[in-house]
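What follows is a set of notes on a single structure, which appears directly below.
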Amino acid sequence: MDPLAALIAVLRPHAAVSKPITGRGDWGVRYAAYGMPGFALVLEGQCWLALDGAGPVRLARGDFVLLPETPGFALTSRPGAPCRAVAPSDQPVRHGDPAGAPDVALLGGSFQVERANAPLLLSLLPAMIHLRAAGNDTAGNGADKEDTATEDTGRLTRILALIRDEGAAERPGRELVLARLLEVMLVEALRHQPVAGRDHAGLLAGLRDPAIARALSGIHGDVRAPWTVAALAGRARMSRSAFAARFTQLVGCGPIAYLAHWRMALAKDRLSRGGAPLDRIAAEIGYDSASAFSTAFRRHVGCAPGGFARACRPAAYDPGPVPV
């Protein structure tokens, strides 16, 4: 399994909700942090999005935005427009003048990921991934911490249309179809190359570097292997010191730390599903014994594997409202 597919597999995206968002005239709204992934596709017109602590970003027709955590943000008709605080809703929203044809139309939505591994998503991805539709001008974009790419976003448009259609119906197998569509949406959004100079340390930055990508593919291809920095450097075809420095620079942590984080992510995923004894999980992720695995798990996660598994069982989640 390639690293990107492996990441999405343990996140288990599900429970998608989406709604139309329109606006006319001069308007601005502000939302508090939501804490789970959100997305938006601009269908017509343009508007401005500003995450807390960052400058405004122009969103134009065909642009797609993915917010892995959905922090607090403002959505406005123009930079600097006065904002009113609003609460999330899962119903269609109209901003500004309620009469007349809208100046801007978006499809906004949110979804859930497996809570145990949500921090992994946040640590490996930027705060905002912005895919600009081919031909959209970047003038006026004020953000300096986004990943931005110029792409044909038509594929994402079709995927989101399917998500909206499936979410609005009550067909057999609806939740399974939505989960698979969300996986496809995430792969499509994350596979694109960002514009130079907007790199964010994490998995995407590592996968863009051919040498580091070879090492990451090795880890994800055989997590049970007794990887060392020297072995991974050999796979990357680099010296040990140069590899360790470059891996840390791009991914945000050292190669052995990344391996440990990934093993724990797989363990949490396995434990949250239930039914597997600790010695089997230990063998699957590269530990010699259940005892060695339990010690490592407690050190990284802060509790014993059994306690973690028990805490996961009763969790019945509430998908909550759409955060835009």
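In the structure tokens, the first chain shown is A, the next is B, and so on; residue numbers restart at 1 for each chain, and ligands run from 1 in the order shown.
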Just want the 9 Å neighbourhood of Lys268 in chain A, counted on only C-alpha atoms, with same-chain residues fewer than 6 positions away dropped. Output as a ChimeraX atom specification. /A:10,116-117,305,308-309
Write down as a ChimeraX atom specification the residues belonging to range 25-268 of chain A that are assigned helix (DSSP H, G or I) by DSSP computed on the backbone. /A:115-124,154-168,174-190,203-208,210-221,229-236,240-251,255-268
Counting only C-alpha atoms, the option among A:Ser217, A:Gly55, A:Gly202, A:Thr76 closest to Pro126 in chain A: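 Checking each candidate against Pro126 in chain A, we get A:Gly202 as the closest.
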Which residue gives the smallest distance to Leu7 in chain A among A:Gly72, A:Pro119, A:Gly53, A:Gly275, with only C-alpha atoms counted?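 Selected residue with least distance to Leu7 in chain A: A:Pro119.
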Compare A:Leu182, A:Ile21, A:Ala9, A:Ala201 by their minimum atom-to-atom distance to Ser89 in chain A, counting only C-alpha atoms, and give me the closest one.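 Nearest candidate to Ser89 in chain A out of A:Leu182, A:Ile21, A:Ala9, A:Ala201: A:Ile21.
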Shell of 9 Å around Gln112 in chain A, only C-alpha atoms, local chain residues under 6 positions omitted, as a ChimeraX atom specification: /A:11-16,36-38,319
Write out as a PyMOL selection string which residues come within 12 Å of Ile281 in chain A when counting only C-alpha atoms, dropping same-chain ones fewer than 6 positions away. chain A and resi 223-224+263-275+287-294+297+305-306
Store the residues picked out above, limited to C-alpha atoms, as a compact mmCIF listing (two decimals), in the first residue's frame.
```txt
# COMPACT_ATOMS: atom_id res chain seq x y z
CA VAL A 223 6.04 -1.90 8.63
CA ARG A 224 7.15 -5.15 10.33
CA ARG A 263 3.14 1.72 13.93
CA MET A 264 1.10 3.31 16.71
CA ALA A 265 -1.44 4.62 14.19
CA LEU A 266 -1.88 1.10 12.83
CA ALA A 267 -2.14 -0.27 16.36
CA LYS A 268 -4.82 2.27 17.33
CA ASP A 269 -6.75 1.45 14.18
CA ARG A 270 -6.56 -2.28 14.92
CA LEU A 271 -7.49 -1.86 18.60
CA SER A 272 -10.45 0.39 17.79
CA ARG A 273 -11.86 -2.28 15.50
CA GLY A 274 -11.59 -4.93 18.25
CA GLY A 275 -11.22 -8.69 18.08
CA TYR A 287 7.19 -5.93 17.65
CA ASP A 288 8.71 -9.16 18.94
CA SER A 289 6.15 -9.67 21.70
CA ALA A 290 2.92 -8.37 23.17
CA SER A 291 4.93 -7.09 26.12
CA ALA A 292 7.28 -5.03 23.92
CA PHE A 293 4.30 -3.68 21.99
CA SER A 294 2.41 -2.76 25.18
CA PHE A 297 2.13 1.79 23.09
CA PRO A 305 -3.56 -1.06 24.68
CA GLY A 306 -6.38 -2.77 26.56
```
Write out as a PyMOL selection string all residues of range 28-205 of chain A that backbone DSSP assigns to strand (DSSP E). chain A and resi 28-31+38-44+46-51+57-60+64-67+73-76+84-85+93-96+104-112+129-133+147-151
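In this comparison, which uses only C-alpha atoms, the residue of A:Glu183, A:Asp97, A:Asp279, A:Glu170 approaching Gly28 in chain A most closely is A:Asp97.
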Skip range 206-216 of chain A itself and residues of its chain fewer than 6 positions away, then list as a PyMOL selection string all residues within 6 Å of it, counting only C-alpha atoms. chain A and resi 232+235-236+250-251
Polymer residues at most 6 Å from Pro102 in chain A, only C-alpha atoms, same-chain spacing of 6 or more positions, as a PyMOL selection string: chain A and resi 22-24
Using C-alpha atoms, can you write the selected residues to a file as a tab-separated table (two decimals), in the first residue's frame?
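Below is the file out_5.tsv, written as the result:
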```
chain	number	residue	atom	x	y	z
A	22	THR	CA	-24.81	31.24	-1.62
A	23	GLY	CA	-24.21	34.95	-1.13
A	24	ARG	CA	-25.11	38.29	-2.68
```
In Å and to one decimal, CA of Leu49 in chain A is distant from CA of Ala118 in chain A by 23.4 Å
Which residue out of A:Leu106, A:Ala296, A:Leu259, A:Val86 has the minimum interatomic distance to Leu59 in chain A when only C-alpha atoms are used?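 The closest residue to Leu59 in chain A is A:Leu106.
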